[in-house]
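File shown: data_10.tsv. Contents: TSV, C-alpha atoms and all ligand atoms.
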```
chain	number	residue	atom	x	y	z
G	11	MET	CA	74.39	72.17	138.52
G	12	GLU	CA	77.02	73.98	140.55
G	13	LYS	CA	79.38	75.75	138.12
G	14	ASN	CA	82.21	75.97	140.63
G	15	SER	CA	82.35	72.20	140.92
G	16	ILE	CA	83.46	71.79	137.30
G	17	LYS	CA	87.20	71.22	136.96
G	18	VAL	CA	88.74	72.08	133.61
G	19	LYS	CA	92.31	71.08	132.80
G	20	ARG	CA	94.52	74.15	132.62
G	21	ASN	CA	96.67	74.40	129.49
G	22	ILE	CA	99.33	77.07	129.03
G	23	LEU	CA	99.03	78.52	125.54
G	24	LEU	CA	102.19	80.27	124.37
G	25	ASN	CA	100.79	80.68	120.82
G	26	PRO	CA	99.66	84.17	119.71
G	27	GLY	CA	96.00	83.68	120.66
G	28	PRO	CA	93.59	82.22	121.50
G	29	ALA	CA	95.06	82.70	124.94
G	30	THR	CA	94.83	80.81	128.23
G	31	THR	CA	91.56	81.85	129.91
G	32	THR	CA	90.46	81.83	133.54
G	33	ASP	CA	87.95	79.23	134.72
G	34	THR	CA	85.50	82.01	135.54
G	35	VAL	CA	85.58	83.13	131.89
G	36	LYS	CA	85.20	79.55	130.64
G	37	LEU	CA	82.24	78.93	132.91
G	38	ALA	CA	80.56	82.27	132.11
G	39	GLN	CA	79.50	80.60	128.85
G	40	VAL	CA	77.23	78.27	130.75
G	41	VAL	CA	74.04	80.32	130.96
G	42	PRO	CA	70.35	79.61	130.57
G	43	ASP	CA	69.36	79.60	126.89
G	44	ILE	CA	68.28	83.03	125.73
G	45	CYS	CA	67.12	84.53	122.46
G	46	PRO	CA	69.54	87.36	121.64
G	47	ARG	CA	66.65	89.59	120.55
G	48	GLU	CA	65.46	89.86	124.19
G	49	THR	CA	66.03	93.25	125.84
G	50	GLU	CA	68.03	91.49	128.58
G	51	PHE	CA	70.63	90.47	126.03
G	52	VAL	CA	70.50	93.79	124.18
G	53	SER	CA	71.41	95.61	127.40
G	54	VAL	CA	74.39	93.27	127.91
G	55	MET	CA	75.68	94.23	124.46
G	56	LYS	CA	75.08	97.92	125.11
G	57	GLN	CA	77.27	97.90	128.20
G	58	MET	CA	79.92	95.87	126.42
G	59	ARG	CA	80.12	98.40	123.58
G	60	LYS	CA	80.75	101.19	126.09
G	61	ASP	CA	83.40	99.18	127.94
G	62	LEU	CA	85.26	98.41	124.72
G	63	VAL	CA	85.63	102.14	124.01
G	64	LYS	CA	86.69	102.76	127.61
G	65	ILE	CA	89.54	100.22	127.39
G	66	VAL	CA	91.28	102.47	124.84
G	67	HIS	CA	90.24	105.66	126.70
G	68	GLY	CA	87.98	106.86	123.90
G	69	ASP	CA	85.61	109.77	124.46
G	70	PRO	CA	82.15	108.14	124.21
G	71	GLN	CA	80.86	111.25	122.42
G	72	VAL	CA	83.42	110.76	119.66
G	73	TYR	CA	84.11	107.02	119.48
G	74	THR	CA	81.91	103.97	119.34
G	75	SER	CA	82.42	100.24	118.98
G	76	VAL	CA	80.80	97.93	116.48
G	77	LEU	CA	80.71	94.18	117.14
G	78	PHE	CA	81.00	91.39	114.62
G	79	CYS	CA	80.70	87.62	114.87
G	80	GLY	CA	83.98	86.15	113.71
G	81	SER	CA	87.73	86.00	114.32
G	82	GLY	CA	90.08	88.98	114.08
G	83	THR	CA	90.63	88.80	110.34
G	84	LEU	CA	86.96	89.64	109.87
G	85	VAL	CA	87.40	93.13	111.34
G	86	MET	CA	90.50	93.71	109.18
G	87	ASP	CA	88.23	92.85	106.25
G	88	VAL	CA	85.47	95.15	107.59
G	89	CYS	CA	87.76	98.18	108.01
G	90	LEU	CA	89.32	97.83	104.58
G	91	ASN	CA	86.15	97.05	102.63
G	92	SER	CA	84.07	99.75	104.35
G	93	LEU	CA	86.28	102.81	104.82
G	94	LEU	CA	87.64	103.56	101.38
G	95	PRO	CA	85.77	106.22	99.37
G	96	GLU	CA	85.21	105.68	95.65
G	97	GLY	CA	88.30	106.38	93.58
G	98	LYS	CA	90.63	106.61	96.59
G	99	ARG	CA	93.61	104.50	97.60
G	100	ALA	CA	94.69	102.70	100.78
G	101	LEU	CA	98.31	102.81	101.91
G	102	VAL	CA	99.33	99.63	103.74
G	103	ILE	CA	102.49	99.88	105.83
G	104	ASN	CA	103.82	96.36	105.46
G	105	ASN	CA	106.60	94.82	107.53
G	106	GLY	CA	105.16	91.40	108.27
G	107	ALA	CA	102.62	88.63	107.82
G	108	TYR	CA	99.60	90.45	109.27
G	109	SER	CA	100.06	93.58	107.17
G	110	SER	CA	100.53	91.27	104.17
G	111	ARG	CA	97.12	89.85	105.02
G	112	ALA	CA	95.70	93.39	104.80
G	113	VAL	CA	97.26	93.69	101.34
G	114	GLU	CA	95.60	90.39	100.36
G	115	ILE	CA	92.23	91.77	101.49
G	116	CYS	CA	92.76	94.87	99.30
G	117	GLN	CA	93.65	92.61	96.38
G	118	PHE	CA	90.64	90.40	97.02
G	119	TYR	CA	88.19	93.33	96.84
G	120	GLY	CA	90.12	94.98	94.02
G	121	LEU	CA	90.67	98.05	96.22
G	122	PRO	CA	93.22	100.54	94.88
G	123	HIS	CA	96.16	100.32	97.28
G	124	ILE	CA	99.86	100.82	97.75
G	125	ASN	CA	101.77	98.01	99.41
G	126	LEU	CA	104.62	99.91	101.09
G	127	GLU	CA	106.99	97.11	102.08
G	128	PHE	CA	109.76	97.15	104.66
G	129	PRO	CA	111.94	94.25	105.84
G	130	TYR	CA	110.19	92.08	108.47
G	131	ASP	CA	112.92	92.76	111.04
G	132	GLN	CA	112.99	96.55	110.56
G	133	LEU	CA	110.79	99.44	111.64
G	134	PRO	CA	108.98	101.21	108.81
G	135	ASP	CA	110.77	104.32	107.52
G	136	LEU	CA	108.66	107.37	108.42
G	137	LYS	CA	110.34	109.52	105.75
G	138	GLU	CA	109.38	107.05	103.06
G	139	ILE	CA	105.81	106.97	104.39
G	140	GLU	CA	105.63	110.77	104.29
G	141	HIS	CA	107.13	110.86	100.81
G	142	THR	CA	104.49	108.37	99.58
G	143	LEU	CA	101.66	110.39	101.13
G	144	LYS	CA	102.98	113.65	99.68
G	145	GLU	CA	103.32	112.18	96.19
G	146	ASP	CA	99.84	110.67	96.04
G	147	PRO	CA	96.90	112.89	97.00
G	148	ASP	CA	94.49	110.02	96.24
G	149	ILE	CA	95.50	108.10	99.36
G	150	ALA	CA	92.61	108.31	101.85
G	151	LEU	CA	93.41	105.53	104.34
G	152	VAL	CA	96.65	104.57	106.06
G	153	TYR	CA	96.69	101.05	107.49
G	154	THR	CA	99.24	99.91	110.09
G	155	THR	CA	99.65	96.80	112.24
G	156	HIS	CA	100.49	97.79	115.82
G	157	ASN	CA	102.29	94.66	117.01
G	158	GLU	CA	103.27	92.52	114.02
G	159	THR	CA	102.35	89.24	115.66
G	160	GLY	CA	104.33	87.28	113.07
G	161	THR	CA	107.59	88.61	114.53
G	162	GLY	CA	106.74	90.69	117.63
G	163	ILE	CA	107.93	94.04	116.25
G	164	LEU	CA	106.12	97.14	117.57
G	165	ASN	CA	105.28	99.70	114.91
G	166	PRO	CA	105.22	103.47	115.65
G	167	ILE	CA	101.48	103.97	115.19
G	168	ARG	CA	101.36	107.40	116.84
G	169	GLN	CA	103.86	108.86	114.36
G	170	ILE	CA	102.31	107.08	111.38
G	171	GLY	CA	98.85	108.30	112.49
G	172	ALA	CA	100.17	111.88	112.72
G	173	LEU	CA	101.47	111.63	109.16
G	174	ALA	CA	98.15	110.19	107.98
G	175	HIS	CA	96.30	113.16	109.51
G	176	LYS	CA	98.78	115.68	108.10
G	177	TYR	CA	97.84	114.44	104.63
G	178	ASN	CA	94.09	114.24	105.32
G	179	CYS	CA	93.93	110.48	105.57
G	180	ILE	CA	92.29	108.32	108.21
G	181	SER	CA	94.50	106.14	110.37
G	182	VAL	CA	93.35	102.52	110.67
G	183	VAL	CA	95.33	100.33	113.05
G	184	ASP	CA	95.27	96.59	113.58
G	185	THR	CA	95.56	96.49	117.38
G	186	ILE	CA	94.27	92.91	117.55
G	187	SER	CA	97.37	91.65	119.35
G	188	THR	CA	97.84	94.70	121.61
G	189	TYR	CA	94.29	95.75	122.63
G	190	ALA	CA	93.68	95.19	126.37
G	191	MET	CA	97.36	94.42	126.88
G	192	LEU	CA	99.69	97.22	125.81
G	193	PRO	CA	97.96	100.42	127.00
G	194	ILE	CA	96.43	102.34	124.06
G	195	ASP	CA	95.04	105.88	124.09
G	196	ILE	CA	92.99	106.01	120.93
G	197	GLU	CA	93.10	109.80	120.62
G	198	LYS	CA	96.74	110.41	121.59
G	199	ASP	CA	97.79	107.50	119.39
G	200	ASN	CA	96.13	109.24	116.42
G	201	ILE	CA	93.84	106.29	115.75
G	202	ASP	CA	90.59	106.79	113.84
G	203	PHE	CA	89.79	103.08	113.76
G	204	CYS	CA	91.30	100.17	115.61
G	205	MET	CA	90.40	96.52	115.86
G	206	ALA	CA	90.26	93.87	118.53
G	207	SER	CA	89.17	90.32	119.02
G	208	SER	CA	87.83	88.54	122.10
G	209	GLN	CA	90.41	85.73	122.19
G	210	LYS	CA	93.58	87.81	122.56
G	211	GLY	CA	94.16	90.57	125.11
G	212	LEU	CA	90.72	90.21	126.63
G	213	MET	CA	91.39	86.54	127.33
G	214	SER	CA	87.98	85.30	126.24
G	215	MET	CA	86.97	82.75	123.59
G	216	THR	CA	87.19	83.17	119.83
G	217	GLY	CA	84.14	84.32	117.92
G	218	LEU	CA	83.61	88.01	118.68
G	219	SER	CA	85.56	90.87	117.12
G	220	PHE	CA	85.27	94.65	117.34
G	221	VAL	CA	85.94	97.81	115.43
G	222	ILE	CA	86.41	100.87	117.64
G	223	GLY	CA	86.31	104.14	115.76
G	224	LYS	CA	85.02	107.63	115.16
G	225	LYS	CA	81.25	107.95	114.88
G	226	ASP	CA	81.36	110.81	112.36
G	227	LEU	CA	83.65	108.84	110.06
G	228	ILE	CA	81.34	105.82	110.21
G	229	GLU	CA	78.43	108.12	109.30
G	230	ARG	CA	80.44	109.50	106.41
G	231	SER	CA	81.18	105.99	105.12
G	232	ARG	CA	77.47	105.53	104.40
G	233	ASP	CA	78.07	106.98	100.96
G	234	TYR	CA	81.14	104.89	100.21
G	235	PRO	CA	80.83	101.81	98.02
G	236	GLN	CA	79.37	98.94	100.10
G	237	ARG	CA	81.49	96.01	99.03
G	238	SER	CA	80.18	93.37	101.43
G	239	TYR	CA	76.67	92.42	102.45
G	240	TYR	CA	77.48	90.80	105.82
G	241	SER	CA	80.57	92.65	106.92
G	242	ASN	CA	80.04	96.30	106.11
G	243	LEU	CA	80.84	98.66	108.98
G	244	TYR	CA	78.12	101.20	108.32
G	245	ARG	CA	75.40	98.57	107.94
G	246	GLN	CA	76.33	96.88	111.21
G	247	HIS	CA	76.69	100.23	113.02
G	248	GLU	CA	73.29	101.36	111.78
G	249	HIS	CA	71.71	98.23	113.15
G	250	PHE	CA	73.34	98.75	116.54
G	251	GLU	CA	72.15	102.38	116.63
G	252	LYS	CA	68.58	101.45	115.71
G	253	TYR	CA	68.07	98.18	117.56
G	254	GLY	CA	71.07	97.84	119.91
G	255	GLU	CA	72.19	94.57	118.40
G	256	MET	CA	74.02	92.84	115.60
G	257	HIS	CA	72.28	92.62	112.27
G	258	PHE	CA	72.43	88.81	112.38
G	259	THR	CA	72.74	86.23	115.16
G	260	PRO	CA	75.48	87.09	117.66
G	261	PRO	CA	77.72	84.45	119.33
G	262	VAL	CA	75.59	84.50	122.50
G	263	GLN	CA	77.77	82.39	124.81
G	264	ILE	CA	80.98	84.15	123.72
G	265	VAL	CA	79.33	87.46	124.57
G	266	TYR	CA	78.73	86.24	128.14
G	267	ALA	CA	82.29	84.97	128.42
G	268	THR	CA	83.61	88.29	127.12
G	269	VAL	CA	81.48	90.28	129.58
G	270	GLN	CA	83.16	88.29	132.37
G	271	ALA	CA	86.58	88.80	130.74
G	272	ILE	CA	86.03	92.58	130.58
G	273	LYS	CA	85.04	92.55	134.25
G	274	GLU	CA	88.28	90.72	135.07
G	275	TYR	CA	90.22	93.16	132.86
G	276	PHE	CA	89.02	96.15	134.89
G	277	MET	CA	89.57	94.27	138.15
G	278	GLU	CA	93.19	93.50	137.27
G	279	GLY	CA	93.71	97.03	135.94
G	280	GLU	CA	95.39	98.31	132.77
G	281	ASP	CA	98.84	98.94	134.29
G	282	ALA	CA	98.93	95.80	136.45
G	283	LYS	CA	97.88	93.65	133.53
G	284	TRP	CA	100.52	95.09	131.23
G	285	ALA	CA	103.12	94.69	133.99
G	286	ARG	CA	102.15	91.02	134.24
G	287	HIS	CA	102.50	90.45	130.47
G	288	LEU	CA	105.89	92.18	130.58
G	289	ARG	CA	107.15	90.00	133.42
G	290	VAL	CA	105.99	86.91	131.54
G	291	PHE	CA	107.82	88.25	128.47
G	292	GLU	CA	111.01	88.80	130.52
G	293	ALA	CA	110.74	85.28	131.93
G	294	ILE	CA	110.46	83.91	128.37
G	295	HIS	CA	113.60	85.80	127.36
G	296	GLU	CA	115.43	84.63	130.44
G	297	GLY	CA	114.53	80.97	129.84
G	298	LEU	CA	115.54	81.18	126.18
G	299	SER	CA	118.85	82.88	126.78
G	300	GLU	CA	119.79	80.33	129.45
G	301	LEU	CA	119.45	77.69	126.73
G	302	GLY	CA	121.38	79.81	124.22
G	303	PHE	CA	118.46	80.58	121.86
G	304	ARG	CA	118.64	83.70	119.67
G	305	ASN	CA	116.01	86.31	118.82
G	306	VAL	CA	115.04	87.49	115.36
G	307	ILE	CA	113.91	91.02	116.24
G	308	LYS	CA	116.11	93.53	118.06
G	309	ARG	CA	115.14	93.49	121.70
G	310	GLN	CA	114.34	97.22	121.91
G	311	TRP	CA	111.89	96.94	118.99
G	312	GLN	CA	109.86	94.09	120.49
G	313	ALA	CA	106.38	95.01	121.73
G	314	GLY	CA	106.60	92.72	124.76
G	315	LEU	CA	104.10	90.15	123.52
G	316	VAL	CA	105.78	87.82	121.03
G	317	VAL	CA	109.31	86.41	121.05
G	318	THR	CA	110.42	85.02	117.69
G	319	VAL	CA	113.23	82.53	118.06
G	320	ARG	CA	115.63	81.16	115.44
G	321	TYR	CA	115.83	77.39	115.05
G	322	PRO	CA	119.17	76.11	116.29
G	323	VAL	CA	121.42	74.45	113.71
G	324	ASP	CA	121.35	70.95	115.18
G	325	PRO	CA	120.49	67.73	113.30
G	326	ASN	CA	118.43	66.61	116.30
G	327	TRP	CA	116.26	69.75	116.41
G	328	ASP	CA	112.78	68.85	115.21
G	329	PHE	CA	110.15	71.48	116.03
G	330	THR	CA	107.23	69.08	115.66
G	331	LYS	CA	108.71	66.55	118.10
G	332	ILE	CA	109.50	69.28	120.65
G	333	HIS	CA	106.02	70.74	120.17
G	334	ASP	CA	104.34	67.38	120.70
G	335	TYR	CA	106.38	66.63	123.82
G	336	CYS	CA	105.36	70.00	125.34
G	337	TYR	CA	101.76	69.73	124.13
G	338	GLU	CA	101.28	66.37	125.82
G	339	ARG	CA	102.32	68.06	129.05
G	340	GLY	CA	99.94	71.02	128.69
G	341	PHE	CA	102.16	73.64	127.00
G	342	THR	CA	101.58	74.90	123.46
G	343	ILE	CA	104.40	76.46	121.42
G	344	TYR	CA	103.89	77.88	117.95
G	345	PRO	CA	105.71	77.98	114.60
G	346	GLY	CA	106.97	81.26	113.16
G	347	LYS	CA	105.48	83.27	110.31
G	348	ILE	CA	108.53	84.40	108.36
G	349	ALA	CA	108.94	82.88	104.91
G	350	SER	CA	112.70	83.37	104.73
G	351	ALA	CA	113.75	82.00	108.13
G	352	ASP	CA	112.98	78.97	110.32
G	353	THR	CA	111.56	80.29	113.55
G	354	PHE	CA	109.16	79.53	116.37
G	355	ARG	CA	107.26	81.83	118.69
G	356	LEU	CA	106.57	82.10	122.41
G	357	CYS	CA	103.97	84.68	123.47
G	358	SER	CA	103.09	86.41	126.73
G	359	LEU	CA	99.33	86.66	126.13
G	360	GLY	CA	96.70	85.14	128.37
G	361	ALA	CA	95.95	84.45	132.00
G	362	ILE	CA	99.45	83.22	132.84
G	363	ASP	CA	102.30	84.38	135.06
G	364	VAL	CA	106.02	83.84	135.66
G	365	GLU	CA	105.50	80.50	137.45
G	366	ASP	CA	103.86	79.08	134.32
G	367	ILE	CA	106.87	80.09	132.24
G	368	LYS	CA	109.23	78.47	134.73
G	369	ASP	CA	107.14	75.29	134.52
G	370	PHE	CA	107.25	75.53	130.74
G	371	PHE	CA	111.03	75.79	130.61
G	372	ARG	CA	111.38	72.70	132.81
G	373	VAL	CA	109.29	70.76	130.26
G	374	PHE	CA	110.96	72.40	127.24
G	375	THR	CA	114.45	71.63	128.59
G	376	ALA	CA	113.40	68.02	129.20
G	377	ALA	CA	112.19	67.87	125.59
G	378	LEU	CA	115.55	69.11	124.28
G	379	GLU	CA	117.33	66.53	126.44
G	380	THR	CA	114.99	63.72	125.37
G	381	PHE	CA	115.67	64.39	121.68
G	382	LYS	CA	119.40	64.99	122.30
G	383	VAL	CA	119.44	68.60	121.14
G	384	SER	CA	122.70	70.23	122.36
G	385	ILE	CA	122.38	72.62	125.29
G	386	PRO	CA	123.34	75.42	124.94
G	387	VAL	CA	121.85	75.28	121.47
G	388	ILE	CA	124.16	75.66	118.47
G	389	TYR	CA	124.21	78.26	115.68
G	390	ASN	CA	126.65	78.52	112.78
G	391	ASP	CA	127.18	82.27	112.99
H	401	LIG	C1	95.46	87.38	115.68
H	401	LIG	C2	95.64	88.53	114.81
H	401	LIG	C3	94.72	88.81	113.79
H	401	LIG	C4	93.48	87.98	113.53
H	401	LIG	O1	93.67	86.63	113.36
H	401	LIG	P1	92.42	85.62	113.46
H	401	LIG	O2	93.07	84.30	113.35
H	401	LIG	O3	91.49	85.92	112.36
H	401	LIG	O4	91.78	85.88	114.80
H	401	LIG	C5	94.92	89.95	113.05
H	401	LIG	N1	95.97	90.76	113.25
H	401	LIG	C6	96.88	90.52	114.21
H	401	LIG	C7	98.00	91.47	114.39
H	401	LIG	C8	96.76	89.40	115.02
H	401	LIG	O5	97.66	89.16	115.97
```

Any chance you could give the structure as structure tokens?
Amino acid sequence: MEKNSIKVKRNILLNPGPATTTDTVKLAQVVPDICPRETEFVSVMKQMRKDLVKIVHGDPQVYTSVLFCGSGTLVMDVCLNSLLPEGKRALVINNGAYSSRAVEICQFYGLPHINLEFPYDQLPDLKEIEHTLKEDPDIALVYTTHNETGTGILNPIRQIGALAHKYNCISVVDTISTYAMLPIDIEKDNIDFCMASSQKGLMSMTGLSFVIGKKDLIERSRDYPQRSYYSNLYRQHEHFEKYGEMHFTPPVQIVYATVQAIKEYFMEGEDAKWARHLRVFEAIHEGLSELGFRNVIKRQWQAGLVVTVRYPVDPNWDFTKIHDYCYERGFTIYPGKIASADTFRLCSLGAIDVEDIKDFFRVFTAALETFKVSIPVIYND
């Protein structure tokens, strides 16, 4: 079979991951069958672990990466269940749906934690974070979501990480929706552990997720309570150190796709890739404002990856109908994740560029016209 002769329909995904992938990444999954215990496969994983550290500019002497088979939420689970010493507390900085998920994980394991809540459309208050850390010497772990994908707000991880370190805590950051997009410097950004997933910034398929973090802190966590059999960080790390592979069966084909995706990441280049996502983001804003749509998050606080849009106040507006119209034409839009407001989201992830956004707005505008939604769209305030 000649791989290049396979034609796959190209869909433009404007949802917050999985993202649109290149054909070369799709086809990289088609490989001869291989048992993942073979040294050939082990060496593929070894190189991948190094590359994952390199993407966030980590010193390979200090940082390592540990791979897990699952979606992004799995590595949130791993970091929280594995990195809290006995009798200590986690502080979750919470201004959105993904940090609320971290709180749910703490609740699920019965981990002592503080849910420090801020409004979903506001940046967390650093003074309040410092006050909380000062008041409670039992806090050992500070957890922050970099880009709150539910709204698109960018949290000040470098400052929060500095506060965590000032009070002898580790800084754990959910970078799942920024890794391999928004440039991250793991050391300068005061990150001890961050997380990523193959289907977002790397533009591969779902099924492989990573923790990137400090080797000495993983070693130290050996003596912490092990709260999960399958998804404990130390246990998985130990297996990688001893045998160079996951404890249990890895997602073989996704690994091959992700190897190709990493190759394409380095070929495009960190700055060029981020510049592309930003121009896609600008094109989304431009298209929306031409139609009169309004944002939920202040423009200067948006990370550049997710635009959250308020539903217009129009009896003919029906998100599902608009979605279906666009979907049938190869464009996927996504509902919002804010309990108190009706919103939808358009994201700049994936192997897409400005032309795709222009094509999308032609289809989206036709959808509004078809269902007789007023243009420009109407709001009451
Ligand atoms: C996508 C995402 C996750 C993980 O979601 P999964 O559906 O489990 O892959 C976690 N945190 C953030 C910020 C995300 O954007």

Open item on the list: So that I can see what lies close to Gln246 (chain G), please list as an NGL selection string the residues with an atom at most 9 Å from it, counting only C-alpha atoms and leaving out residues fewer than 3 positions away in the same chain.
Closed with: :G and (76-78 or 240-243 or 249-251 or 255-257)

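Between ligand LIG 401 (chain H) and the residues G:Ile332, G:Leu94, G:Ala313, G:Ile228, the shortest atom-to-atom distance, using only C-alpha atoms and all ligand atoms, involves G:Ala313.
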
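Between CA of Leu84 (chain G) and CA of Asn104 (chain G) the separation is 18.7 Å.
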
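Among G:Ile196, G:Val316, G:Ile186, G:Ala172, the residue with the shortest atom-to-atom distance to ligand LIG 401 (chain H), counting all atoms listed in the file, is G:Ile186.
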
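Remark: for ligand LIG 401 (chain H), the closest of the candidate residues G:Arg111, G:Arg289, G:Lys60, G:Lys144 is G:Arg111 (distances computed over all atoms listed in the file).
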
Return as a PDB file with C-alpha atoms, in the coordinates of the input the residues of protein, DNA or RNA that approach ligand LIG 401 (chain H) to within 7 Å, with only C-alpha atoms and all ligand atoms taken into account.
```
ATOM      1  CA  PRO G  26      99.660  84.170 119.710  1.00  0.00           C
ATOM      2  CA  GLY G  27      96.000  83.680 120.660  1.00  0.00           C
ATOM      3  CA  SER G  81      87.730  86.000 114.320  1.00  0.00           C
ATOM      4  CA  GLY G  82      90.080  88.980 114.080  1.00  0.00           C
ATOM      5  CA  THR G  83      90.630  88.800 110.340  1.00  0.00           C
ATOM      6  CA  LEU G  84      86.960  89.640 109.870  1.00  0.00           C
ATOM      7  CA  MET G  86      90.500  93.710 109.180  1.00  0.00           C
ATOM      8  CA  TYR G 108      99.600  90.450 109.270  1.00  0.00           C
ATOM      9  CA  THR G 155      99.650  96.800 112.240  1.00  0.00           C
ATOM     10  CA  HIS G 156     100.490  97.790 115.820  1.00  0.00           C
ATOM     11  CA  ASN G 157     102.290  94.660 117.010  1.00  0.00           C
ATOM     12  CA  GLU G 158     103.270  92.520 114.020  1.00  0.00           C
ATOM     13  CA  THR G 159     102.350  89.240 115.660  1.00  0.00           C
ATOM     14  CA  ASP G 184      95.270  96.590 113.580  1.00  0.00           C
ATOM     15  CA  THR G 185      95.560  96.490 117.380  1.00  0.00           C
ATOM     16  CA  ILE G 186      94.270  92.910 117.550  1.00  0.00           C
ATOM     17  CA  SER G 187      97.370  91.650 119.350  1.00  0.00           C
ATOM     18  CA  SER G 207      89.170  90.320 119.020  1.00  0.00           C
TER      19      SER G 207
END
```

Task: Residue list as number ranges by chain for point (96.8, 100.0, 97.0), cut-off 10 Å, all atoms listed in the file - done: G: 98-102, 113, 116-117, 120-126, 149, 151

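The closest residue to Leu37 (chain G), picked from G:Thr154, G:Gln270, G:Asn165, G:Thr353 and counting only C-alpha atoms, is G:Gln270.
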
Open item on the list: Residues within 10 Å of Leu143 (chain G), please, as an NGL selection string. Count all atoms listed in the file; anything in the same chain fewer than 4 positions from it doesn't count.
Closed with: :G and (101 or 137-139 or 147-150 or 152 or 173-174 or 176-179)

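Here CA of Met277 (chain G) is placed at a distance of 25.5 Å from CA of Val72 (chain G).
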
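Among G:Met191, G:Leu164, G:Ile343, G:Met213, the residue with the shortest atom-to-atom distance to Val269 (chain G), counting only C-alpha atoms, is G:Met213.
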
At most 12 Å is the cut-off: for each residue in region 262-376 of chain G with any atom that close to an atom of region 45-49 of chain G, write down the nearest atom pair and the distance in Å rounded to one decimal, counting only C-alpha atoms, chain first then increasing number, as CSV.
```
residue,atom,partner,partner_atom,distance
G:Val262,CA,G:Pro46,CA,6.7
G:Gln263,CA,G:Pro46,CA,10.1
G:Val265,CA,G:Pro46,CA,10.2
G:Tyr266,CA,G:Pro46,CA,11.3
```

Pick out the residues sitting within 9 Å of Val364 (chain G), and hand them over as a PDB file with C-alpha atoms, in the coordinates of the input; count all atoms listed in the file, and ignore anything fewer than 3 positions along from it in its own chain.
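Output contents, as saved in part_31.pdb:
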```
ATOM      1  CA  ARG G 286     102.150  91.020 134.240  1.00  0.00           C
ATOM      2  CA  ARG G 289     107.150  90.000 133.420  1.00  0.00           C
ATOM      3  CA  VAL G 290     105.990  86.910 131.540  1.00  0.00           C
ATOM      4  CA  PHE G 291     107.820  88.250 128.470  1.00  0.00           C
ATOM      5  CA  GLU G 292     111.010  88.800 130.520  1.00  0.00           C
ATOM      6  CA  ALA G 293     110.740  85.280 131.930  1.00  0.00           C
ATOM      7  CA  ILE G 294     110.460  83.910 128.370  1.00  0.00           C
ATOM      8  CA  ILE G 367     106.870  80.090 132.240  1.00  0.00           C
ATOM      9  CA  LYS G 368     109.230  78.470 134.730  1.00  0.00           C
ATOM     10  CA  ASP G 369     107.140  75.290 134.520  1.00  0.00           C
TER      11      ASP G 369
END
```

Open item on the list: Here is a test: counting all atoms listed in the file, which residue of G:Thr342, G:Thr268, G:Asn326, G:Asn305 is nearest to Gln39 (chain G)?
Closed with: G:Thr268

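Note that CA of Glu145 (chain G) and CA of Leu133 (chain G) are 21.4 Å apart.
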
Open item on the list: When you look at Asp69 (chain G) with a cut-off of 12 Å (counting all atoms listed in the file), what residues show up, excluding the ones that are within fewer than 5 positions of it in the same chain? I need them as a PyMOL selection string.
Closed with: chain G and resi 60-64+74-75+195-198+222-225

Edge lengths and centre in Å to one decimal, as JSON, is what I'm after for the box along x, y and z that holds all listed atoms of region 261-268 of chain G once 5 Å is added on each side.
```
{"center_x": 79.6, "center_y": 85.3, "center_z": 123.9, "size_x": 18.0, "size_y": 15.9, "size_z": 19.1}
```

- [ ] Could you give me, as a ChimeraX atom specification, the residues that have an atom at most 10 Å away from the point (116.4, 79.4, 125.0) in the coordinates of the file, using all atoms listed in the file?
- [x] /G:294-305,319-320,322,371,374-375,385-387

Open item on the list: List the spatial neighbours of Thr31 (chain G) as an NGL selection string - criterion: any atom at most 12 Å away, only C-alpha atoms, same-chain residues fewer than 5 positions off excluded.
Closed with: :G and (18-23 or 36-38 or 208-216 or 267-268 or 270-271 or 274-275 or 359-362)
